[in-house]
$ cat model_21.csv   # CSV, C-alpha atoms
chain,number,residue,atom,x,y,z
A,45,MET,CA,190.1,238.2,185.8
A,46,GLY,CA,193.6,239.6,186.3
A,47,LYS,CA,193.0,243.3,186.9
A,48,ILE,CA,193.8,245.0,190.2
A,49,PRO,CA,191.2,247.6,191.1
A,50,GLU,CA,192.4,251.2,191.1
A,51,LYS,CA,191.5,251.6,194.8
A,52,ALA,CA,193.8,248.7,195.8
A,53,LYS,CA,196.9,249.6,197.9
A,54,ARG,CA,200.4,248.1,197.4
A,55,VAL,CA,201.2,246.4,200.7
A,56,PHE,CA,204.5,244.7,199.6
A,57,ALA,CA,207.0,245.4,196.9
A,58,GLY,CA,209.3,242.4,196.1
A,59,VAL,CA,212.0,241.5,193.6
A,60,ILE,CA,209.4,240.1,191.1
A,61,PHE,CA,206.1,240.2,192.9
A,62,ASP,CA,204.1,243.1,194.4
A,63,VAL,CA,201.1,242.4,196.6
A,64,TYR,CA,198.0,244.6,196.6
A,65,GLN,CA,195.0,244.6,198.9
A,66,TRP,CA,191.6,246.3,199.0
A,67,GLU,CA,188.3,246.1,200.8
A,68,GLN,CA,185.6,244.3,198.7
A,69,GLU,CA,181.9,244.6,199.4
A,70,MET,CA,180.4,241.1,199.6
A,71,PHE,CA,176.9,240.0,198.4
A,72,ASP,CA,175.5,240.4,201.9
A,73,GLY,CA,176.9,244.0,202.2
A,74,SER,CA,179.7,243.0,204.6
A,75,ARG,CA,183.3,243.8,203.6
A,76,MET,CA,186.4,241.6,203.2
A,77,THR,CA,190.1,242.2,202.4
A,78,PHE,CA,190.9,240.9,198.9
A,79,GLU,CA,194.4,240.4,197.7
A,80,MET,CA,196.1,240.2,194.3
A,81,LEU,CA,199.6,240.0,192.9
A,82,LYS,CA,201.4,242.0,190.2
A,83,ARG,CA,204.5,240.9,188.4
A,84,PRO,CA,206.3,242.2,185.3
A,85,ASN,CA,204.6,241.2,182.0
A,86,THR,CA,206.5,238.7,179.9
A,87,VAL,CA,207.1,238.1,176.2
A,88,GLU,CA,207.9,235.0,174.1
A,89,VAL,CA,208.4,234.2,170.5
A,90,ILE,CA,207.9,231.4,168.1
A,91,PRO,CA,210.9,232.0,165.8
A,92,VAL,CA,210.9,230.6,162.3
A,93,VAL,CA,214.3,229.8,160.8
A,94,GLY,CA,214.0,228.4,157.3
A,95,ASP,CA,211.6,225.4,157.5
A,96,LYS,CA,212.2,224.9,161.3
A,97,ILE,CA,211.1,226.5,164.6
A,98,LEU,CA,213.8,227.5,167.1
A,99,ILE,CA,213.2,226.4,170.7
A,100,GLN,CA,215.5,226.4,173.8
A,101,GLU,CA,216.7,223.8,176.2
A,102,GLN,CA,217.4,225.8,179.3
A,103,GLU,CA,218.9,225.4,182.8
A,104,GLN,CA,218.3,227.8,185.6
A,105,PRO,CA,220.1,227.7,189.0
A,106,GLY,CA,218.2,225.3,191.3
A,107,SER,CA,215.8,223.9,188.6
A,108,ALA,CA,215.9,220.8,186.2
A,109,PRO,CA,216.5,221.5,182.5
A,110,PHE,CA,213.4,222.3,180.5
A,111,LEU,CA,212.3,223.2,176.9
A,112,SER,CA,210.8,226.6,176.2
A,113,LEU,CA,210.4,229.4,173.7
A,114,PRO,CA,212.9,232.4,173.8
A,115,GLY,CA,211.5,235.2,175.9
A,116,GLY,CA,211.7,237.0,179.2
A,117,ARG,CA,210.4,239.9,181.2
A,118,VAL,CA,209.3,243.3,179.9
A,119,ASP,CA,211.4,246.1,181.5
A,120,LYS,CA,209.7,249.1,183.1
A,121,ASN,CA,208.5,251.5,180.4
A,122,GLU,CA,209.4,249.1,177.7
A,123,ASP,CA,207.1,248.2,174.8
A,124,SER,CA,206.3,244.4,174.4
A,125,LEU,CA,207.7,244.3,170.9
A,126,ALA,CA,210.9,246.0,171.9
A,127,ALA,CA,211.2,243.6,174.8
A,128,VAL,CA,210.7,240.4,172.7
A,129,LYS,CA,213.3,241.6,170.1
A,130,ARG,CA,215.8,242.3,172.9
A,131,GLU,CA,215.3,239.0,174.7
A,132,PHE,CA,215.3,237.1,171.4
A,133,LEU,CA,218.7,238.6,170.4
A,134,GLU,CA,220.2,238.2,173.8
A,135,GLU,CA,219.1,234.6,174.3
A,136,THR,CA,219.7,233.3,170.7
A,137,GLY,CA,221.8,235.8,168.7
A,138,TYR,CA,219.0,235.8,166.1
A,139,VAL,CA,217.0,238.7,164.6
A,140,SER,CA,213.9,239.1,162.4
A,141,GLU,CA,212.3,242.0,160.5
A,142,ASN,CA,209.0,240.1,160.3
A,143,TRP,CA,207.1,240.2,163.7
A,144,GLU,CA,203.5,239.6,164.5
A,145,LEU,CA,201.7,239.6,167.9
A,146,TRP,CA,200.0,236.2,167.8
A,147,ASP,CA,198.4,235.8,171.3
A,148,THR,CA,198.0,237.5,174.7
A,149,VAL,CA,197.2,235.5,177.8
A,150,ASP,CA,196.6,236.4,181.5
A,151,PRO,CA,197.5,233.0,182.9
A,152,TYR,CA,196.5,233.4,186.5
A,153,GLY,CA,193.3,235.1,187.9
A,154,LYS,CA,194.8,236.5,191.0
A,155,MET,CA,197.8,238.1,189.4
A,156,GLU,CA,198.1,241.1,187.1
A,157,TRP,CA,200.4,239.5,184.5
A,158,THR,CA,200.1,239.3,180.7
A,159,ILE,CA,202.1,237.0,178.4
A,160,TYR,CA,202.6,238.4,174.9
A,161,SER,CA,203.3,235.7,172.3
A,162,PHE,CA,204.9,236.8,169.0
A,163,ILE,CA,205.7,235.0,165.8
A,164,ALA,CA,209.0,236.0,164.1
A,165,ARG,CA,209.4,234.9,160.5
A,166,ASP,CA,212.6,234.8,158.4
A,167,CYS,CA,214.9,234.8,161.4
A,168,ARG,CA,218.6,235.0,160.8
A,169,ARG,CA,221.7,234.7,163.0
A,170,GLN,CA,223.3,238.1,163.8
A,171,GLN,CA,225.7,237.6,166.7
A,172,GLU,CA,226.7,235.3,169.6
A,173,MET,CA,224.2,234.7,172.5
A,174,HIS,CA,224.6,237.1,175.5
A,175,LEU,CA,223.2,235.1,178.4
A,176,ASP,CA,222.3,236.3,181.9
A,177,ILE,CA,224.4,234.8,184.7
A,178,GLY,CA,221.3,232.8,185.6
A,179,GLU,CA,220.9,231.2,182.2
A,180,LYS,CA,222.3,228.2,180.4
A,181,ILE,CA,220.7,227.8,177.0
A,182,THR,CA,221.1,225.4,174.1
A,183,LEU,CA,219.3,226.1,170.8
A,184,LYS,CA,217.2,223.4,169.1
A,185,PHE,CA,215.6,223.4,165.7
A,186,VAL,CA,212.4,221.4,165.3
A,187,SER,CA,209.9,220.8,162.4
A,188,PHE,CA,206.3,222.0,162.5
A,189,ASP,CA,205.1,218.5,163.4
A,190,GLU,CA,207.7,218.2,166.2
A,191,PHE,CA,206.6,221.6,167.5
A,192,LEU,CA,203.0,220.4,167.7
A,193,ALA,CA,204.1,217.2,169.5
A,194,LEU,CA,205.8,219.3,172.3
A,195,ALA,CA,202.3,219.5,173.8
A,196,ASP,CA,202.8,215.9,175.0
A,197,ASN,CA,206.3,216.6,176.4
A,198,PRO,CA,206.3,217.1,180.2
A,199,ASN,CA,209.6,219.0,179.9
A,200,PHE,CA,208.0,221.6,177.6
A,201,TYR,CA,207.4,224.5,180.0
A,202,GLU,CA,204.9,226.7,178.1
A,203,PRO,CA,201.6,225.9,180.0
A,204,GLN,CA,199.5,228.5,178.2
A,205,LEU,CA,200.6,227.3,174.8
A,206,VAL,CA,200.0,223.6,175.3
A,207,PRO,CA,196.2,223.8,175.1
A,208,LYS,CA,196.4,225.8,171.9
A,209,LEU,CA,198.6,223.3,170.3
A,210,LEU,CA,196.2,220.5,171.3
A,211,GLN,CA,193.2,222.5,170.0
A,212,MET,CA,195.0,222.8,166.6
A,213,ARG,CA,195.7,219.0,166.5
A,214,LEU,CA,191.9,218.5,167.0
A,215,ASP,CA,190.9,221.1,164.4
A,216,PRO,CA,192.5,220.9,160.9
A,217,ALA,CA,191.3,224.4,160.0
A,218,LYS,CA,193.0,225.9,163.1
A,219,LEU,CA,196.1,223.9,162.3
A,220,GLU,CA,196.3,225.2,158.7
A,221,THR,CA,195.8,228.8,159.8
A,222,PHE,CA,198.7,228.5,162.3
A,223,ARG,CA,200.9,226.7,159.8
A,224,LYS,CA,200.3,229.5,157.3
A,225,LYS,CA,201.1,232.1,159.9
A,226,LEU,CA,204.5,230.5,160.5
A,227,PHE,CA,205.2,229.4,156.9
A,228,PRO,CA,203.3,231.7,154.6
A,229,ARG,CA,205.0,230.5,151.4
B,245,MET,CA,209.5,223.6,190.1
B,246,GLY,CA,207.3,224.9,192.8
B,247,LYS,CA,209.2,224.2,196.0
B,248,ILE,CA,210.6,226.9,198.2
B,249,PRO,CA,214.1,226.1,199.6
B,250,GLU,CA,214.3,225.5,203.3
B,251,LYS,CA,216.8,228.4,203.7
B,252,ALA,CA,214.2,230.9,202.3
B,253,LYS,CA,212.8,233.5,204.6
B,254,ARG,CA,209.2,234.7,204.7
B,255,VAL,CA,209.4,238.4,203.9
B,256,PHE,CA,205.6,239.1,203.7
B,257,ALA,CA,202.5,237.3,205.0
B,258,GLY,CA,199.3,238.2,203.2
B,259,VAL,CA,195.6,237.2,203.3
B,260,ILE,CA,196.2,234.5,200.6
B,261,PHE,CA,199.8,234.9,199.5
B,262,ASP,CA,203.1,234.8,201.5
B,263,VAL,CA,206.3,235.9,199.8
B,264,TYR,CA,209.7,234.1,200.4
B,265,GLN,CA,213.2,235.2,199.4
B,266,TRP,CA,216.6,233.6,199.5
B,267,GLU,CA,220.1,234.1,198.1
B,268,GLN,CA,220.8,231.9,195.1
B,269,GLU,CA,224.3,231.2,193.8
B,270,MET,CA,224.5,231.8,190.1
B,271,PHE,CA,226.5,229.8,187.5
B,272,ASP,CA,229.4,232.3,187.7
B,273,GLY,CA,229.5,232.1,191.5
B,274,SER,CA,227.8,235.5,192.2
B,275,ARG,CA,224.6,235.7,194.2
B,276,MET,CA,221.1,237.0,193.5
B,277,THR,CA,218.0,237.4,195.6
B,278,PHE,CA,215.4,234.8,194.4
B,279,GLU,CA,211.7,235.1,195.2
B,280,MET,CA,208.8,232.7,195.4
B,281,LEU,CA,205.2,232.8,196.6
B,282,LYS,CA,203.2,230.4,198.8
B,283,ARG,CA,199.5,230.1,198.9
B,284,PRO,CA,197.1,227.6,200.5
B,285,ASN,CA,196.7,224.4,198.5
B,286,THR,CA,193.4,223.8,196.8
B,287,VAL,CA,191.1,220.9,196.1
B,288,GLU,CA,188.5,220.2,193.4
B,289,VAL,CA,186.2,217.3,192.5
B,290,ILE,CA,184.7,215.8,189.4
B,291,PRO,CA,181.4,214.6,191.0
B,292,VAL,CA,179.4,211.9,189.3
B,293,VAL,CA,175.6,211.9,189.9
B,294,GLY,CA,173.9,209.1,188.1
B,295,ASP,CA,175.0,209.3,184.5
B,296,LYS,CA,175.9,213.0,184.8
B,297,ILE,CA,178.8,215.2,186.0
B,298,LEU,CA,178.0,218.0,188.4
B,299,ILE,CA,179.6,221.4,187.6
B,300,GLN,CA,179.0,224.9,188.9
B,301,GLU,CA,178.2,228.3,187.4
B,302,GLN,CA,179.7,230.7,189.9
B,303,GLU,CA,179.7,234.4,190.5
B,304,GLN,CA,182.2,236.1,192.9
B,305,PRO,CA,182.2,239.8,193.9
B,306,GLY,CA,184.0,241.8,191.2
B,307,SER,CA,184.3,239.0,188.6
B,308,ALA,CA,182.1,237.8,185.6
B,309,PRO,CA,180.3,234.4,186.0
B,310,PHE,CA,182.3,231.3,185.2
B,311,LEU,CA,182.0,227.5,185.1
B,312,SER,CA,184.1,225.4,187.4
B,313,LEU,CA,184.3,222.3,189.5
B,314,PRO,CA,183.3,222.3,193.2
B,315,GLY,CA,186.3,222.9,195.4
B,316,GLY,CA,188.2,225.5,197.4
B,317,ARG,CA,191.1,226.0,199.8
B,318,VAL,CA,192.6,223.4,202.1
B,319,ASP,CA,192.5,224.8,205.7
B,320,LYS,CA,195.6,224.8,207.9
B,321,ASN,CA,196.3,221.3,209.2
B,322,GLU,CA,193.5,219.9,207.1
B,323,ASP,CA,193.9,216.8,204.9
B,324,SER,CA,193.2,217.3,201.2
B,325,LEU,CA,190.4,214.6,201.2
B,326,ALA,CA,188.8,216.1,204.3
B,327,ALA,CA,189.0,219.5,202.6
B,328,VAL,CA,187.4,218.4,199.3
B,329,LYS,CA,184.5,216.6,201.2
B,330,ARG,CA,183.9,219.7,203.2
B,331,GLU,CA,183.9,222.1,200.2
B,332,PHE,CA,181.8,219.7,198.1
B,333,LEU,CA,179.1,219.5,200.8
B,334,GLU,CA,179.1,223.3,201.5
B,335,GLU,CA,179.0,224.3,197.8
B,336,THR,CA,176.6,221.7,196.5
B,337,GLY,CA,174.9,219.9,199.4
B,338,TYR,CA,176.0,216.6,198.0
B,339,VAL,CA,178.1,213.7,199.5
B,340,SER,CA,179.8,210.6,198.3
B,341,GLU,CA,181.4,207.6,199.9
B,342,ASN,CA,183.4,206.7,196.8
B,343,TRP,CA,186.4,209.1,196.5
B,344,GLU,CA,189.6,208.8,194.5
B,345,LEU,CA,192.5,211.2,194.2
B,346,TRP,CA,192.8,211.5,190.4
B,347,ASP,CA,195.5,214.1,189.7
B,348,THR,CA,197.8,216.6,191.4
B,349,VAL,CA,199.2,219.7,189.7
B,350,ASP,CA,201.6,222.5,190.7
B,351,PRO,CA,200.3,225.0,188.2
B,352,TYR,CA,202.8,227.8,188.6
B,353,GLY,CA,206.6,227.5,188.9
B,354,LYS,CA,207.2,230.4,191.2
B,355,MET,CA,204.5,229.5,193.6
B,356,GLU,CA,204.3,226.7,196.2
B,357,TRP,CA,200.7,225.6,195.5
B,358,THR,CA,199.3,222.2,194.7
B,359,ILE,CA,195.8,221.5,193.3
B,360,TYR,CA,194.4,218.1,194.3
B,361,SER,CA,191.8,216.8,191.9
B,362,PHE,CA,189.4,214.1,193.1
B,363,ILE,CA,186.8,212.0,191.5
B,364,ALA,CA,183.7,211.3,193.6
B,365,ARG,CA,181.3,208.6,192.4
B,366,ASP,CA,177.7,207.8,193.3
B,367,CYS,CA,177.1,211.2,194.7
B,368,ARG,CA,173.8,212.0,196.4
B,369,ARG,CA,172.1,215.1,197.7
B,370,GLN,CA,172.2,215.3,201.5
B,371,GLN,CA,171.4,218.9,202.5
B,372,GLU,CA,171.0,222.5,201.2
B,373,MET,CA,174.1,224.4,200.0
B,374,HIS,CA,175.9,226.5,202.6
B,375,LEU,CA,177.6,229.2,200.6
B,376,ASP,CA,180.2,231.7,201.7
B,377,ILE,CA,179.2,235.4,201.6
B,378,GLY,CA,181.5,235.7,198.6
B,379,GLU,CA,179.8,233.0,196.5
B,380,LYS,CA,176.8,232.7,194.3
B,381,ILE,CA,176.6,229.2,192.8
B,382,THR,CA,174.2,227.4,190.5
B,383,LEU,CA,174.5,223.6,189.9
B,384,LYS,CA,174.6,222.2,186.4
B,385,PHE,CA,174.5,218.6,185.3
B,386,VAL,CA,176.3,217.7,182.1
B,387,SER,CA,176.9,214.5,180.2
B,388,PHE,CA,180.4,213.0,179.8
B,389,ASP,CA,180.6,214.3,176.2
B,390,GLU,CA,179.4,217.8,177.4
B,391,PHE,CA,182.1,217.6,180.1
B,392,LEU,CA,184.8,216.9,177.5
B,393,ALA,CA,183.5,219.8,175.3
B,394,LEU,CA,184.1,222.2,178.2
B,395,ALA,CA,187.7,222.4,177.1
B,396,ASP,CA,186.6,224.6,174.3
B,397,ASN,CA,184.5,226.9,176.5
B,398,PRO,CA,186.3,230.1,177.4
B,399,ASN,CA,184.1,230.5,180.5
B,400,PHE,CA,185.3,227.2,181.9
B,401,TYR,CA,187.8,228.2,184.5
B,402,GLU,CA,189.9,225.1,185.1
B,403,PRO,CA,193.1,225.9,183.3
B,404,GLN,CA,195.0,222.8,184.5
B,405,LEU,CA,192.2,220.4,183.5
B,406,VAL,CA,191.7,221.8,180.0
B,407,PRO,CA,194.9,220.2,178.4
B,408,LYS,CA,194.0,216.9,180.0
B,409,LEU,CA,190.5,216.9,178.5
B,410,LEU,CA,192.0,217.8,175.1
B,411,GLN,CA,194.6,215.0,175.4
B,412,MET,CA,191.8,212.5,176.1
B,413,ARG,CA,190.0,213.7,173.0
B,414,LEU,CA,193.1,213.1,171.0
B,415,ASP,CA,193.7,209.6,172.5
B,416,PRO,CA,190.9,207.1,172.6
B,417,ALA,CA,192.7,204.8,175.1
B,418,LYS,CA,193.1,207.7,177.6
B,419,LEU,CA,189.5,208.7,177.0
B,420,GLU,CA,188.2,205.2,177.8
B,421,THR,CA,190.3,205.0,181.0
B,422,PHE,CA,188.9,208.3,182.2
B,423,ARG,CA,185.3,207.3,181.3
B,424,LYS,CA,185.7,204.0,183.3
B,425,LYS,CA,187.1,206.0,186.3
B,426,LEU,CA,183.9,208.1,186.3
B,427,PHE,CA,181.4,205.5,185.2
B,428,PRO,CA,182.9,202.1,186.2
B,429,ARG,CA,179.6,200.1,185.5
$ encode --input "model_21.csv" --output "structure tokens"
Amino acid sequence: MGKIPEKAKRVFAGVIFDVYQWEQEMFDGSRMTFEMLKRPNTVEVIPVVGDKILIQEQEQPGSAPFLSLPGGRVDKNEDSLAAVKREFLEETGYVSENWELWDTVDPYGKMEWTIYSFIARDCRRQQEMHLDIGEKITLKFVSFDEFLALADNPNFYEPQLVPKLLQMRLDPAKLETFRKKLFPR
Amino acid sequence: MGKIPEKAKRVFAGVIFDVYQWEQEMFDGSRMTFEMLKRPNTVEVIPVVGDKILIQEQEQPGSAPFLSLPGGRVDKNEDSLAAVKREFLEETGYVSENWELWDTVDPYGKMEWTIYSFIARDCRRQQEMHLDIGEKITLKFVSFDEFLALADNPNFYEPQLVPKLLQMRLDPAKLETFRKKLFPR
């Protein structure tokens, strides 16, 4: 899922979303117009600061406040690691020299869109936050157990992460592997 | 999340997806173009047949086979219950006179799209399947425990249902409530 065929044509270019269409041969030999979307890939990070994990409480114009991980869109011709370092610094003022790509998800079948999830260990504060005009962000520091419990919080807006946190809570071996990734010592 | 403002204008109308844009005032008083998508709402059903749950193994042109619940798109001016009865009959040949709306989800913040999930009890076979030219479907009958285990199956393509099944596996009271909804006797 999630890959636009090479033969598809872009029929609309938007601010975030582009629309592609192509002719698809059906099982009976007839043809139909298929449609898919493309949007910029996004990055996010689980940042470890001491024995805590840094999350955000965020407001955006026109939406209710929600909890999330730092992250944002990958710019054109930008590498996902460069993008997550840039967004993390802008949104939190923190840096890390210990990054690992932890997970990639294509969340929606009819859209070419990949979310790259990173872990950043040993994070430290370097500067003030530099927020976009569309962002109001407060930093929160939670324990590992509090982080796992976010899967039950309806205001935690990380839909692709929630099932993974629940899977860990059901499987002690998975949980321990994840804990060691975040807190190796 | 998931509601296009009234002032938004439709800037593209596609086969599945329409694109809307509007001017949004930012926190500093400046204005930016915001964009959201709209797609037809969808319905799906957890169908109970005797002591089993009916699921589908499905192939679509250009995709790998996957497991899912019966369902599909709500037609223009169609009620969600009428839509799920129609799709269920077409895709499986089964009917029920015991329906309940169990859950509604808006899976994607930047898209006006609601998934209506129904439970249908005491289902019985009425006719042959009438499949679209884009569908190849095989029916499978699974036990309640096998259904809960689908949350671990990467070929089970019901991303909004998976966290709910995992939550039930973590919470015996939730699990029992769900079991009684499916199998009241």
$ residues_around --input "model_21.csv" --residues "Gln102 (chain A)" --least-positions-apart "5" --cutoff "9 Å" --atoms "all atoms listed in the file" --output "number ranges by chain"
A: 108-112, 179-183
$ interface_residues --input "model_21.csv" --of "chain B" --to "chain A" --cutoff "9 Å" --atoms "only C-alpha atoms" --output "VMD selection string"
chain B and resid 245 255 to 256 258 to 261 263 265 268 to 274 276 to 281 304 to 308 351 to 352 377 to 380 395 to 396 403 to 404 406 to 408 410 to 411 413 to 414
$ closest_residue --input "model_21.csv" --among "A:Leu194, A:Leu113, A:Val128, A:Ile163" --to "Ile99 (chain A)" --atoms "only C-alpha atoms"
A:Leu113
$ closest_residue --input "model_21.csv" --among "A:Val92, A:Met173, A:Val87, A:Leu192" --to "Thr148 (chain A)" --atoms "all atoms listed in the file"
A:Val87
$ atom_distance --input "model_21.csv" --atom1 "CA of Glu288 (chain B)" --atom2 "CA of Val386 (chain B)"
16.8 Å
$ atom_distance --input "model_21.csv" --atom1 "CA of Asn85 (chain A)" --atom2 "CA of Thr158 (chain A)"
5.1 Å
